[in-house]
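Structure below is my_file_12.cif: mmCIF, C-alpha atoms.
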```cif
data_my_file
#
loop_
_atom_site.label_atom_id
_atom_site.label_comp_id
_atom_site.auth_asym_id
_atom_site.auth_seq_id
_atom_site.Cartn_x
_atom_site.Cartn_y
_atom_site.Cartn_z
CA MET A 1 45.26 66.32 110.13
CA THR A 2 41.85 67.02 111.62
CA ILE A 3 39.79 64.15 113.05
CA ARG A 4 36.26 64.64 114.29
CA VAL A 5 35.75 62.45 117.36
CA ARG A 6 32.37 61.50 118.77
CA LEU A 7 31.53 59.69 121.97
CA PHE A 8 28.16 58.17 122.87
CA ALA A 9 26.18 56.98 125.86
CA SER A 10 28.24 56.12 128.97
CA LEU A 11 31.50 57.14 127.26
CA GLN A 12 30.07 60.57 126.50
CA GLU A 13 29.16 60.96 130.18
CA LYS A 14 32.44 59.58 131.53
CA TRP A 15 34.69 61.76 129.39
CA ARG A 16 32.26 64.67 129.21
CA ILE A 17 32.80 64.86 125.48
CA ASP A 18 30.07 64.68 122.87
CA GLN A 19 32.02 65.79 119.82
CA ILE A 20 35.48 67.29 119.39
CA ASP A 21 37.85 68.03 116.51
CA LEU A 22 41.37 66.76 117.16
CA GLU A 23 44.23 68.36 115.25
CA SER A 24 47.36 66.24 115.33
CA THR A 25 49.90 64.71 113.01
CA GLY A 26 50.67 61.68 115.19
CA MET A 27 47.49 59.67 114.56
CA GLU A 28 47.56 56.75 112.12
CA LYS A 29 44.83 54.44 113.35
CA VAL A 30 41.68 54.47 115.44
CA ALA A 31 43.48 53.47 118.64
CA ASP A 32 45.76 56.50 118.28
CA VAL A 33 42.75 58.81 118.30
CA TRP A 34 41.55 57.38 121.60
CA LEU A 35 45.01 57.67 123.13
CA ASN A 36 45.30 61.23 121.90
CA LEU A 37 41.87 62.09 123.35
CA THR A 38 42.06 60.34 126.73
CA GLY A 39 45.72 59.57 127.37
CA GLU A 40 44.71 55.92 127.91
CA GLU A 41 44.78 52.66 125.95
CA LEU A 42 41.54 51.86 124.08
CA PRO A 43 39.56 49.39 126.26
CA SER A 44 38.70 46.14 124.47
CA GLN A 45 34.93 46.45 125.01
CA VAL A 46 34.69 49.89 123.36
CA LEU A 47 33.23 49.76 119.85
CA VAL A 48 34.54 52.02 117.12
CA ALA A 49 33.24 53.42 113.85
CA VAL A 50 34.99 55.39 111.14
CA ASN A 51 32.73 57.55 108.99
CA MET A 52 29.67 55.76 110.40
CA GLU A 53 30.88 52.24 109.58
CA TYR A 54 32.10 49.76 112.17
CA ALA A 55 35.89 49.66 112.31
CA ARG A 56 38.67 48.13 114.45
CA PRO A 57 41.30 49.71 116.71
CA ASP A 58 43.90 49.23 113.95
CA THR A 59 41.73 50.68 111.16
CA PRO A 60 43.79 53.45 109.48
CA ILE A 61 42.42 56.98 109.60
CA LYS A 62 42.84 59.92 107.30
CA ASP A 63 42.27 63.66 107.39
CA GLU A 64 38.66 64.70 108.04
CA ASP A 65 37.49 61.25 109.14
CA GLU A 66 34.77 61.03 111.77
CA VAL A 67 35.83 58.52 114.42
CA ALA A 68 33.24 57.39 116.97
CA PHE A 69 33.68 55.46 120.20
CA PHE A 70 30.78 53.83 122.01
CA PRO A 71 29.85 51.03 124.44
CA PRO A 72 28.11 47.77 123.38
CA VAL A 73 24.77 48.62 121.79
CA THR A 74 21.54 47.98 123.69
CA GLY A 75 18.68 48.94 121.40
CA GLY A 76 15.64 47.01 120.31
CA MET B 77 -25.61 1.63 117.87
CA THR B 78 -25.90 5.05 116.22
CA ILE B 79 -22.78 6.78 114.87
CA ARG B 80 -22.90 10.27 113.45
CA VAL B 81 -20.55 10.44 110.47
CA ARG B 82 -19.21 13.66 108.99
CA LEU B 83 -17.19 14.19 105.83
CA PHE B 84 -15.33 17.37 104.89
CA ALA B 85 -13.83 19.09 101.86
CA SER B 86 -13.01 16.81 98.91
CA LEU B 87 -14.40 13.73 100.69
CA GLN B 88 -17.71 15.48 101.18
CA GLU B 89 -17.86 16.24 97.47
CA LYS B 90 -16.70 12.82 96.33
CA TRP B 91 -19.19 10.85 98.46
CA ARG B 92 -21.87 13.53 98.35
CA ILE B 93 -22.28 13.19 102.10
CA ASP B 94 -21.99 16.02 104.59
CA GLN B 95 -23.42 14.34 107.67
CA ILE B 96 -25.24 11.05 108.18
CA ASP B 97 -26.32 8.89 111.12
CA LEU B 98 -25.34 5.24 110.67
CA GLU B 99 -27.28 2.61 112.61
CA SER B 100 -25.44 -0.69 112.80
CA THR B 101 -24.22 -3.23 115.34
CA GLY B 102 -21.20 -4.36 113.36
CA MET B 103 -18.92 -1.36 113.96
CA GLU B 104 -16.13 -1.56 116.53
CA LYS B 105 -13.56 0.91 115.32
CA VAL B 106 -13.20 3.95 113.08
CA ALA B 107 -12.20 1.92 110.01
CA ASP B 108 -15.45 -0.08 110.31
CA VAL B 109 -17.47 3.12 110.03
CA TRP B 110 -15.79 4.03 106.75
CA LEU B 111 -16.29 0.53 105.37
CA ASN B 112 -19.95 0.60 106.43
CA LEU B 113 -20.43 4.01 104.79
CA THR B 114 -18.54 3.52 101.51
CA GLY B 115 -18.07 -0.22 101.06
CA GLU B 116 -14.32 0.45 100.70
CA GLU B 117 -11.18 0.19 102.83
CA LEU B 118 -10.18 3.44 104.58
CA PRO B 119 -7.45 5.09 102.45
CA SER B 120 -4.23 5.77 104.37
CA GLN B 121 -4.17 9.51 103.63
CA VAL B 122 -7.64 10.12 105.09
CA LEU B 123 -7.56 11.76 108.53
CA VAL B 124 -10.05 10.78 111.20
CA ALA B 125 -11.49 12.35 114.35
CA VAL B 126 -13.74 10.91 117.03
CA ASN B 127 -15.78 13.46 118.95
CA MET B 128 -13.68 16.25 117.49
CA GLU B 129 -10.33 14.82 118.55
CA TYR B 130 -7.83 13.27 116.17
CA ALA B 131 -8.07 9.46 116.19
CA ARG B 132 -6.67 6.47 114.27
CA PRO B 133 -8.36 3.87 112.05
CA ASP B 134 -8.24 1.38 114.95
CA THR B 135 -9.64 3.80 117.56
CA PRO B 136 -12.65 2.07 119.18
CA ILE B 137 -16.04 3.73 118.81
CA LYS B 138 -19.13 3.65 120.98
CA ASP B 139 -22.80 4.53 120.66
CA GLU B 140 -23.48 8.19 119.77
CA ASP B 141 -19.90 8.99 118.81
CA GLU B 142 -19.30 11.56 116.09
CA VAL B 143 -16.78 10.17 113.62
CA ALA B 144 -15.29 12.53 111.04
CA PHE B 145 -13.23 11.79 107.91
CA PHE B 146 -11.27 14.42 106.08
CA PRO B 147 -8.30 15.01 103.75
CA PRO B 148 -4.96 16.51 104.88
CA VAL B 149 -5.58 19.98 106.29
CA THR B 150 -4.58 23.05 104.29
CA GLY B 151 -5.40 26.08 106.41
CA GLY B 152 -3.26 29.02 107.47
CA MET C 153 -6.59 34.82 128.26
CA VAL C 154 -5.68 33.25 124.96
CA GLN C 155 -8.29 33.78 122.26
CA VAL C 156 -9.38 31.99 119.10
CA ILE C 157 -11.55 33.76 116.53
CA LEU C 158 -13.03 32.28 113.36
CA ALA C 159 -13.98 35.15 111.08
CA SER C 160 -16.52 34.71 108.31
CA GLN C 161 -15.92 38.26 107.07
CA PRO C 162 -12.68 40.04 106.09
CA PHE C 163 -10.65 41.31 109.04
CA ASP C 164 -7.84 43.81 109.41
CA PRO C 165 -5.10 42.00 111.38
CA TRP C 166 -3.50 45.25 112.56
CA LYS C 167 -6.81 46.47 113.92
CA SER C 168 -7.43 43.09 115.59
CA LEU C 169 -4.04 43.33 117.28
CA GLN C 170 -4.71 46.85 118.47
CA THR C 171 -8.12 45.89 119.88
CA PHE C 172 -6.95 42.66 121.53
CA GLN C 173 -3.87 44.27 123.04
CA ASN C 174 -5.80 47.20 124.49
CA ALA C 175 -8.48 44.91 125.92
CA MET C 176 -6.35 42.06 127.22
CA LEU C 177 -2.82 43.16 128.05
CA THR C 178 -1.62 45.23 131.00
CA VAL C 179 0.52 48.20 129.98
CA GLY C 180 4.19 47.55 130.81
CA SER C 181 3.76 43.79 131.32
CA TYR C 182 4.98 42.55 127.94
CA GLY C 183 8.28 43.23 126.24
CA ALA C 184 8.00 41.18 123.06
CA THR C 185 5.20 40.59 120.60
CA ALA C 186 5.67 38.22 117.65
CA VAL C 187 3.07 38.20 114.91
CA PHE C 188 2.45 36.24 111.75
CA VAL C 189 -0.15 37.16 109.14
CA GLY C 190 -0.96 34.89 106.21
CA THR C 191 -2.60 36.69 103.31
CA MET C 192 -4.27 35.33 100.20
CA ARG C 193 -2.01 35.78 97.20
CA ASP C 194 -3.25 35.96 93.63
CA PHE C 195 -0.68 33.31 92.65
CA ASN C 196 -0.03 29.84 94.09
CA GLU C 197 2.63 27.49 92.70
CA GLY C 198 2.76 29.47 89.47
CA GLU C 199 -1.01 29.48 88.89
CA ARG C 200 -3.25 32.51 89.13
CA VAL C 201 -5.81 32.22 91.92
CA GLU C 202 -9.02 34.21 91.61
CA SER C 203 -10.73 33.22 94.82
CA LEU C 204 -10.52 30.81 97.69
CA PHE C 205 -13.07 28.96 99.75
CA LEU C 206 -12.02 27.94 103.24
CA ASP C 207 -13.93 24.97 104.64
CA HIS C 208 -13.60 24.01 108.31
CA TYR C 209 -15.06 21.65 110.92
CA PRO C 210 -17.18 23.84 113.20
CA GLY C 211 -16.51 22.83 116.78
CA MET C 212 -13.38 20.80 116.15
CA THR C 213 -11.51 23.65 114.47
CA GLU C 214 -11.93 25.92 117.50
CA ARG C 215 -11.03 23.11 119.90
CA GLU C 216 -7.92 22.16 117.95
CA LEU C 217 -6.74 25.78 117.86
CA GLU C 218 -7.31 26.03 121.62
CA ARG C 219 -5.37 22.79 122.13
CA ILE C 220 -2.51 24.24 120.09
CA LEU C 221 -2.44 27.36 122.28
CA ARG C 222 -2.50 25.25 125.45
CA GLU C 223 0.38 23.12 124.19
CA ALA C 224 2.36 26.24 123.28
CA ARG C 225 1.74 27.67 126.72
CA SER C 226 3.12 24.53 128.33
CA GLN C 227 6.35 25.01 126.33
CA TRP C 228 6.87 28.78 126.51
CA GLU C 229 5.94 31.38 129.07
CA PHE C 230 3.65 33.84 127.42
CA LEU C 231 1.22 36.37 128.73
CA ASP C 232 -1.31 36.11 125.96
CA ALA C 233 -1.90 34.79 122.49
CA LEU C 234 -4.40 35.35 119.70
CA ILE C 235 -5.34 33.26 116.67
CA GLU C 236 -7.74 34.69 114.11
CA HIS C 237 -8.58 32.64 111.01
CA ARG C 238 -10.90 33.32 108.10
CA VAL C 239 -13.49 30.82 106.91
CA GLY C 240 -15.72 30.94 103.83
CA GLU C 241 -15.13 32.87 100.59
CA ILE C 242 -11.87 34.83 100.42
CA GLU C 243 -10.57 37.28 97.81
CA PRO C 244 -6.90 37.94 96.92
CA GLY C 245 -5.27 40.38 99.34
CA GLU C 246 -7.51 39.40 102.24
CA PRO C 247 -5.85 38.07 105.40
CA ILE C 248 -6.37 34.36 106.06
CA VAL C 249 -4.68 33.89 109.40
CA LEU C 250 -3.24 35.96 112.23
CA VAL C 251 -1.13 34.47 115.04
CA ALA C 252 0.19 36.75 117.80
CA VAL C 253 2.03 36.02 121.04
CA TRP C 254 2.84 38.48 123.83
CA CYS C 255 5.82 37.52 126.04
CA ALA C 256 8.30 39.05 128.46
CA HIS C 257 11.24 38.26 126.16
CA ARG C 258 11.75 37.96 122.42
CA GLY C 259 13.13 34.41 122.17
CA ALA C 260 9.94 32.89 123.55
CA ALA C 261 7.77 35.19 121.43
CA PHE C 262 9.49 34.19 118.16
CA ASP C 263 9.59 30.49 119.04
CA ALA C 264 6.00 30.26 120.24
CA CYS C 265 4.56 32.23 117.33
CA ARG C 266 6.30 30.05 114.75
CA TRP C 267 5.44 26.83 116.56
CA ILE C 268 1.76 27.81 116.79
CA MET C 269 1.68 28.68 113.09
CA GLU C 270 3.29 25.37 112.06
CA ALA C 271 0.95 23.42 114.36
CA LEU C 272 -2.02 25.26 112.87
CA LYS C 273 -0.89 24.40 109.31
CA SER C 274 -0.42 20.73 110.14
CA ARG C 275 -3.35 20.05 112.51
CA ALA C 276 -6.15 22.63 112.44
CA PRO C 277 -9.08 21.33 110.34
CA PHE C 278 -9.24 23.85 107.51
CA TRP C 279 -9.38 23.04 103.81
CA LYS C 280 -8.71 25.37 100.91
CA LYS C 281 -10.50 25.22 97.58
CA GLU C 282 -9.02 27.48 94.93
CA THR C 283 -10.73 28.96 91.90
CA GLY C 284 -8.42 29.85 89.00
CA PRO C 285 -8.48 30.06 85.20
CA ALA C 286 -8.42 26.24 85.00
CA GLY C 287 -11.40 25.87 87.32
CA VAL C 288 -11.91 24.82 90.91
CA ARG C 289 -9.59 22.50 92.86
CA TRP C 290 -9.08 21.45 96.47
CA VAL C 291 -5.55 22.24 97.65
CA GLU C 292 -4.10 18.85 98.50
CA ARG C 293 -1.37 19.70 100.94
CA ASN C 294 0.27 22.63 102.60
CA THR C 295 3.74 23.73 101.62
CA ALA C 296 6.53 23.27 104.15
CA GLY C 297 7.20 26.22 106.44
CA MET D 298 11.13 49.72 99.07
CA VAL D 299 12.46 48.87 102.51
CA GLN D 300 12.03 51.64 105.05
CA VAL D 301 13.76 52.74 108.24
CA ILE D 302 12.07 55.18 110.61
CA LEU D 303 13.53 56.70 113.78
CA ALA D 304 10.64 57.98 115.86
CA SER D 305 11.16 60.65 118.52
CA GLN D 306 7.51 60.41 119.61
CA PRO D 307 5.42 57.37 120.67
CA PHE D 308 4.13 55.32 117.75
CA ASP D 309 1.42 52.69 117.38
CA PRO D 310 3.08 49.72 115.63
CA TRP D 311 -0.24 48.33 114.37
CA LYS D 312 -1.11 51.68 112.79
CA SER D 313 2.40 51.92 111.28
CA LEU D 314 1.95 48.47 109.73
CA GLN D 315 -1.45 49.37 108.31
CA THR D 316 -0.14 52.61 106.82
CA PHE D 317 3.04 51.09 105.39
CA GLN D 318 1.26 48.08 103.96
CA ASN D 319 -1.42 50.16 102.27
CA ALA D 320 1.14 52.57 100.82
CA MET D 321 3.87 50.13 99.77
CA LEU D 322 2.51 46.67 99.05
CA THR D 323 0.50 45.49 96.07
CA VAL D 324 -2.69 43.67 97.05
CA GLY D 325 -2.31 39.93 96.42
CA SER D 326 1.49 40.02 96.07
CA TYR D 327 2.48 38.89 99.58
CA GLY D 328 1.42 35.75 101.40
CA ALA D 329 3.33 36.01 104.65
CA THR D 330 4.06 38.88 107.00
CA ALA D 331 6.22 38.36 110.09
CA VAL D 332 6.34 41.10 112.69
CA PHE D 333 8.18 41.73 115.91
CA VAL D 334 7.37 44.50 118.35
CA GLY D 335 9.55 45.27 121.36
CA THR D 336 7.77 47.23 124.07
CA MET D 337 9.12 48.92 127.17
CA ARG D 338 8.32 46.87 130.25
CA ASP D 339 8.08 48.32 133.75
CA PHE D 340 10.45 45.57 134.97
CA ASN D 341 13.93 44.55 133.76
CA GLU D 342 15.96 41.77 135.39
CA GLY D 343 13.82 41.98 138.53
CA GLU D 344 14.11 45.76 138.91
CA ARG D 345 11.30 48.24 138.41
CA VAL D 346 11.95 50.63 135.53
CA GLU D 347 10.24 54.01 135.57
CA SER D 348 11.51 55.45 132.33
CA LEU D 349 14.03 54.89 129.61
CA PHE D 350 16.19 57.18 127.53
CA LEU D 351 17.30 55.86 124.14
CA ASP D 352 20.46 57.43 122.79
CA HIS D 353 21.56 56.84 119.21
CA TYR D 354 24.15 57.96 116.65
CA PRO D 355 22.24 60.12 114.15
CA GLY D 356 23.35 59.18 110.65
CA MET D 357 25.10 55.94 111.54
CA THR D 358 22.02 54.40 113.17
CA GLU D 359 19.92 54.85 110.02
CA ARG D 360 22.77 53.61 107.81
CA GLU D 361 23.36 50.54 109.95
CA LEU D 362 19.65 49.67 109.92
CA GLU D 363 19.61 50.05 106.14
CA ARG D 364 22.70 47.83 105.86
CA ILE D 365 20.93 45.21 107.98
CA LEU D 366 17.92 45.30 105.64
CA ARG D 367 20.18 45.02 102.58
CA GLU D 368 21.99 42.03 104.08
CA ALA D 369 18.66 40.36 104.93
CA ARG D 370 17.46 40.93 101.39
CA SER D 371 20.54 39.19 100.02
CA GLN D 372 19.71 36.11 102.13
CA TRP D 373 15.92 35.91 101.80
CA GLU D 374 13.53 36.93 99.07
CA PHE D 375 11.21 39.50 100.47
CA LEU D 376 8.95 42.06 98.93
CA ASP D 377 9.29 44.69 101.57
CA ALA D 378 10.50 45.37 105.09
CA LEU D 379 10.02 48.05 107.71
CA ILE D 380 12.04 48.96 110.79
CA GLU D 381 10.71 51.61 113.16
CA HIS D 382 12.67 52.43 116.31
CA ARG D 383 12.07 54.95 119.07
CA VAL D 384 14.71 57.38 120.27
CA GLY D 385 14.63 59.76 123.23
CA GLU D 386 12.52 59.51 126.39
CA ILE D 387 10.28 56.43 126.61
CA GLU D 388 7.61 55.47 129.16
CA PRO D 389 6.59 51.92 130.19
CA GLY D 390 4.14 50.38 127.72
CA GLU D 391 5.45 52.37 124.77
CA PRO D 392 6.79 50.44 121.77
CA ILE D 393 10.55 50.64 121.28
CA VAL D 394 11.02 48.73 118.04
CA LEU D 395 8.97 47.33 115.18
CA VAL D 396 10.39 44.96 112.56
CA ALA D 397 8.15 43.68 109.76
CA VAL D 398 8.87 41.63 106.65
CA TRP D 399 6.49 40.88 103.76
CA CYS D 400 7.28 37.71 101.77
CA ALA D 401 5.67 35.25 99.40
CA HIS D 402 6.10 32.38 101.88
CA ARG D 403 6.17 32.04 105.65
CA GLY D 404 9.58 30.38 106.14
CA ALA D 405 11.43 33.35 104.69
CA ALA D 406 9.22 35.81 106.59
CA PHE D 407 9.91 34.20 109.97
CA ASP D 408 13.63 33.74 109.30
CA ALA D 409 14.23 37.23 107.92
CA CYS D 410 12.23 38.99 110.68
CA ARG D 411 14.14 37.21 113.43
CA TRP D 412 17.50 37.71 111.75
CA ILE D 413 16.86 41.43 111.30
CA MET D 414 15.82 41.77 114.94
CA GLU D 415 18.93 39.95 116.21
CA ALA D 416 21.17 42.00 113.89
CA LEU D 417 19.54 45.19 115.16
CA LYS D 418 20.11 44.17 118.79
CA SER D 419 23.75 43.35 118.17
CA ARG D 420 24.79 46.07 115.70
CA ALA D 421 22.48 49.08 115.52
CA PRO D 422 23.93 51.99 117.50
CA PHE D 423 21.30 52.53 120.20
CA TRP D 424 21.95 52.79 123.92
CA LYS D 425 19.43 52.48 126.74
CA LYS D 426 19.59 54.41 129.99
CA GLU D 427 17.09 53.26 132.59
CA THR D 428 15.62 55.24 135.47
CA GLY D 429 14.40 53.16 138.41
CA PRO D 430 14.02 53.43 142.19
CA ALA D 431 17.81 53.06 142.58
CA GLY D 432 18.55 55.88 140.16
CA VAL D 433 19.80 56.13 136.59
CA ARG D 434 22.00 53.54 134.86
CA TRP D 435 23.18 52.74 131.35
CA VAL D 436 22.13 49.25 130.31
CA GLU D 437 25.42 47.45 129.70
CA ARG D 438 24.46 44.69 127.37
CA ASN D 439 21.44 43.20 125.64
CA THR D 440 20.01 39.87 126.75
CA ALA D 441 20.38 36.92 124.37
CA GLY D 442 17.49 36.36 121.98
#
```

Would you kindly transcribe this structure into structure tokens?
Amino acid sequence: MTIRVRLFASLQEKWRIDQIDLESTGMEKVADVWLNLTGEELPSQVLVAVNMEYARPDTPIKDEDEVAFFPPVTGG
Amino acid sequence: MTIRVRLFASLQEKWRIDQIDLESTGMEKVADVWLNLTGEELPSQVLVAVNMEYARPDTPIKDEDEVAFFPPVTGG
Amino acid sequence: MVQVILASQPFDPWKSLQTFQNAMLTVGSYGATAVFVGTMRDFNEGERVESLFLDHYPGMTERELERILREARSQWEFLDALIEHRVGEIEPGEPIVLVAVWCAHRGAAFDACRWIMEALKSRAPFWKKETGPAGVRWVERNTAG
Amino acid sequence: MVQVILASQPFDPWKSLQTFQNAMLTVGSYGATAVFVGTMRDFNEGERVESLFLDHYPGMTERELERILREARSQWEFLDALIEHRVGEIEPGEPIVLVAVWCAHRGAAFDACRWIMEALKSRAPFWKKETGPAGVRWVERNTAG
């Protein structure tokens, strides 16, 4: 399974990752992707999107999904 | 005592009066001016202003006041 | 420097905003601008409207609009505000009223702009006379906001 | 025909409104236009701000803004709506966001414009990074409306 992972804003700077393709068979939900990427639990304030729609840590993922992690939004 | 009376919008058309100076000693309040002008009681939906500030039928008037009568406003 | 303008000729609200903002506001001082524009429609309550005449009370209308802006300023902190209102003969598609408020933050801008507009509709001495297929009639009351 | 624009260069909101309105709206069809413009201030929470960088999620940002407009349209009847939002490097005094709604009546215009703006602040994937005298910092959360 290949998951495209994207980080934005302060998360992108902290983890020094903009975009990366993760190849792994052990990922079933969004939280697994974060764990796989960082080795840490997904912090509660981090927002997540799957294929450009808001999702939750327990949202299931499938091959070729784009999973994004970002801090609270501050536009406008 | 001289009171300048002004009518606006539909009242102006109905009474065919735009502006008139009433000379009379018998007027003490706004409602008296209307009675003096039209011979009728002041209708409850008519709005009144004295010297360009909203007033009430029982607002006292004095020499040289400008008293205006108009229908509900419909601007904006 | 709040401003009240009665316009006897058609005005472009977006151009008025541009001009007022450039002349009156300091760059970087305001974070939130809320604007309302009322435009003459060619329909009102299901009836076609061909033209509109806007009567007002010269002198009192300006004063009442200035009172409204002063009252708004005592309720919300704003840097500046503008009211522009047409008088006289108006054609469909022409703007009737523009209300704009410049604030530091958006809550005050939205609240003040709406409050000013509702106060204007309920208190400012303007009267509309519509011409339609059935003839000429004075509009008797404003619709609720 | 609602429209979402992400602008990488400074824009004049009043000119955008003029252009959009002339291109998209039928003369006489709309009676009420409510507009909000958010502009970059040179102060934020008591600190001087020298410049701002606005990050976004290309693709998702546009989609989320379009979803917001669709949701607004299911709640209020409006003829048209426009969202324009800056991305990239922004200087004090430059507009950040423009939200405009064209309706038949003013209640819906005010309500929809404010709702869209609050939805944008809470959901649209944008992130601000401020540069001030103390250095560079990501803004952590938006202020309440």

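Proximity to chain A at a cut-off of 12 Å picks out C:Gly183, C:Ala184, C:His257, C:Arg258 on chain C, counting only C-alpha atoms.
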
Please evaluate the PyMOL selection byres ((chain B and resi 107) around 7) against the structure above and give the resulting residues as a PDB file with C-alpha atoms, in the frame of the given file.
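File produced: out_33.pdb:
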```pdb
ATOM      1  CA  LYS B 105     -13.560   0.910 115.320  1.00  0.00           C
ATOM      2  CA  VAL B 106     -13.200   3.950 113.080  1.00  0.00           C
ATOM      3  CA  ASP B 108     -15.450  -0.080 110.310  1.00  0.00           C
ATOM      4  CA  VAL B 109     -17.470   3.120 110.030  1.00  0.00           C
ATOM      5  CA  TRP B 110     -15.790   4.030 106.750  1.00  0.00           C
ATOM      6  CA  LEU B 111     -16.290   0.530 105.370  1.00  0.00           C
ATOM      7  CA  LEU B 118     -10.180   3.440 104.580  1.00  0.00           C
ATOM      8  CA  PRO B 133      -8.360   3.870 112.050  1.00  0.00           C
ATOM      9  CA  ASP B 134      -8.240   1.380 114.950  1.00  0.00           C
TER      10      ASP B 134
END
```

Original post:
Once you count only C-alpha atoms, which residues of chain C turn out to be within 6 Å of chain D? Could you give them as a list in words?
Top reply: Trp166, Val179, Gly180, Ser181, Tyr182, Gly183, Ala184, Thr185, Ala186, Val187, Phe188, Val189, Gly190, Thr191, Met192, Arg193, Asp194, Pro244, Gly245, Arg258, Gly259 and Gly297 of chain C

Original post:
Quick one: distance from atom CA of Arg345 of chain D to atom CA of Arg420 of chain D in Å, one decimal?
Top reply: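 Taking atom CA of Arg345 of chain D and atom CA of Arg420 of chain D, their separation equals 26.5 Å.
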
Original post:
Which distance in Å separates atom CA of Arg293 of chain C and atom CA of His208 of chain C, to one decimal?
Top reply: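 Value for the atom CA of Arg293 of chain C-atom CA of His208 of chain C distance: 14.9 Å.
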
**OP:** Would you write out, as number ranges by chain, every residue that the PyMOL selection byres ((chain A and resi 6-19) around 8) captures in this file?
**Re:** A: 4-5, 20-21, 38, 66-71; D: 352-354, 424, 435

Subject >> Nearest to Gly26 of chain A, chosen from A:Leu47, A:Met52, A:Ile3, A:Val73, with all atoms listed in the file counted in the distances >> reply: A:Ile3

Moved coordinates, chain B onto chain A, all Cα atoms, as a CSV table (one decimal) with C-alpha atoms, keeping the file's coordinate frame:
```csv
chain,number,residue,atom,x,y,z
B,77,MET,CA,45.3,66.4,110.2
B,78,THR,CA,41.8,67.0,111.6
B,79,ILE,CA,39.8,64.1,113.0
B,80,ARG,CA,36.3,64.6,114.3
B,81,VAL,CA,35.8,62.5,117.4
B,82,ARG,CA,32.4,61.5,118.7
B,83,LEU,CA,31.5,59.7,122.0
B,84,PHE,CA,28.2,58.2,122.8
B,85,ALA,CA,26.2,57.0,125.9
B,86,SER,CA,28.2,56.1,129.0
B,87,LEU,CA,31.5,57.1,127.3
B,88,GLN,CA,30.1,60.6,126.5
B,89,GLU,CA,29.2,61.0,130.2
B,90,LYS,CA,32.4,59.6,131.5
B,91,TRP,CA,34.7,61.8,129.4
B,92,ARG,CA,32.3,64.7,129.2
B,93,ILE,CA,32.8,64.9,125.5
B,94,ASP,CA,30.1,64.7,122.9
B,95,GLN,CA,32.0,65.8,119.8
B,96,ILE,CA,35.5,67.3,119.4
B,97,ASP,CA,37.8,68.0,116.5
B,98,LEU,CA,41.4,66.8,117.2
B,99,GLU,CA,44.2,68.4,115.3
B,100,SER,CA,47.4,66.3,115.3
B,101,THR,CA,49.9,64.7,113.0
B,102,GLY,CA,50.7,61.7,115.2
B,103,MET,CA,47.5,59.7,114.5
B,104,GLU,CA,47.6,56.7,112.1
B,105,LYS,CA,44.8,54.4,113.3
B,106,VAL,CA,41.7,54.5,115.4
B,107,ALA,CA,43.5,53.5,118.6
B,108,ASP,CA,45.8,56.5,118.3
B,109,VAL,CA,42.8,58.8,118.3
B,110,TRP,CA,41.6,57.4,121.6
B,111,LEU,CA,45.0,57.7,123.1
B,112,ASN,CA,45.3,61.2,121.9
B,113,LEU,CA,41.9,62.1,123.3
B,114,THR,CA,42.1,60.3,126.7
B,115,GLY,CA,45.7,59.6,127.4
B,116,GLU,CA,44.7,55.9,127.9
B,117,GLU,CA,44.8,52.7,125.9
B,118,LEU,CA,41.6,51.9,124.1
B,119,PRO,CA,39.6,49.4,126.3
B,120,SER,CA,38.7,46.2,124.5
B,121,GLN,CA,34.9,46.5,125.0
B,122,VAL,CA,34.7,49.9,123.4
B,123,LEU,CA,33.2,49.8,119.9
B,124,VAL,CA,34.5,52.0,117.1
B,125,ALA,CA,33.2,53.4,113.8
B,126,VAL,CA,35.0,55.4,111.1
B,127,ASN,CA,32.7,57.5,109.0
B,128,MET,CA,29.7,55.8,110.4
B,129,GLU,CA,30.9,52.2,109.6
B,130,TYR,CA,32.1,49.8,112.2
B,131,ALA,CA,35.9,49.7,112.3
B,132,ARG,CA,38.7,48.1,114.4
B,133,PRO,CA,41.3,49.7,116.7
B,134,ASP,CA,43.9,49.2,113.9
B,135,THR,CA,41.7,50.7,111.1
B,136,PRO,CA,43.8,53.4,109.5
B,137,ILE,CA,42.4,57.0,109.6
B,138,LYS,CA,42.9,59.9,107.3
B,139,ASP,CA,42.3,63.7,107.4
B,140,GLU,CA,38.7,64.7,108.1
B,141,ASP,CA,37.5,61.3,109.1
B,142,GLU,CA,34.8,61.0,111.8
B,143,VAL,CA,35.8,58.5,114.4
B,144,ALA,CA,33.2,57.4,116.9
B,145,PHE,CA,33.7,55.4,120.2
B,146,PHE,CA,30.8,53.8,122.0
B,147,PRO,CA,29.8,51.0,124.4
B,148,PRO,CA,28.1,47.8,123.4
B,149,VAL,CA,24.8,48.6,121.8
B,150,THR,CA,21.5,48.0,123.7
B,151,GLY,CA,18.7,48.9,121.4
B,152,GLY,CA,15.6,47.0,120.3
```

**OP:** Name the residues captured by the PyMOL selection byres ((chain D and resi 348) around 8) when it is applied to the shown file; answer as a PyMOL selection string.
**Re:** chain D and resi 346-347+349-350+386-389+427-429
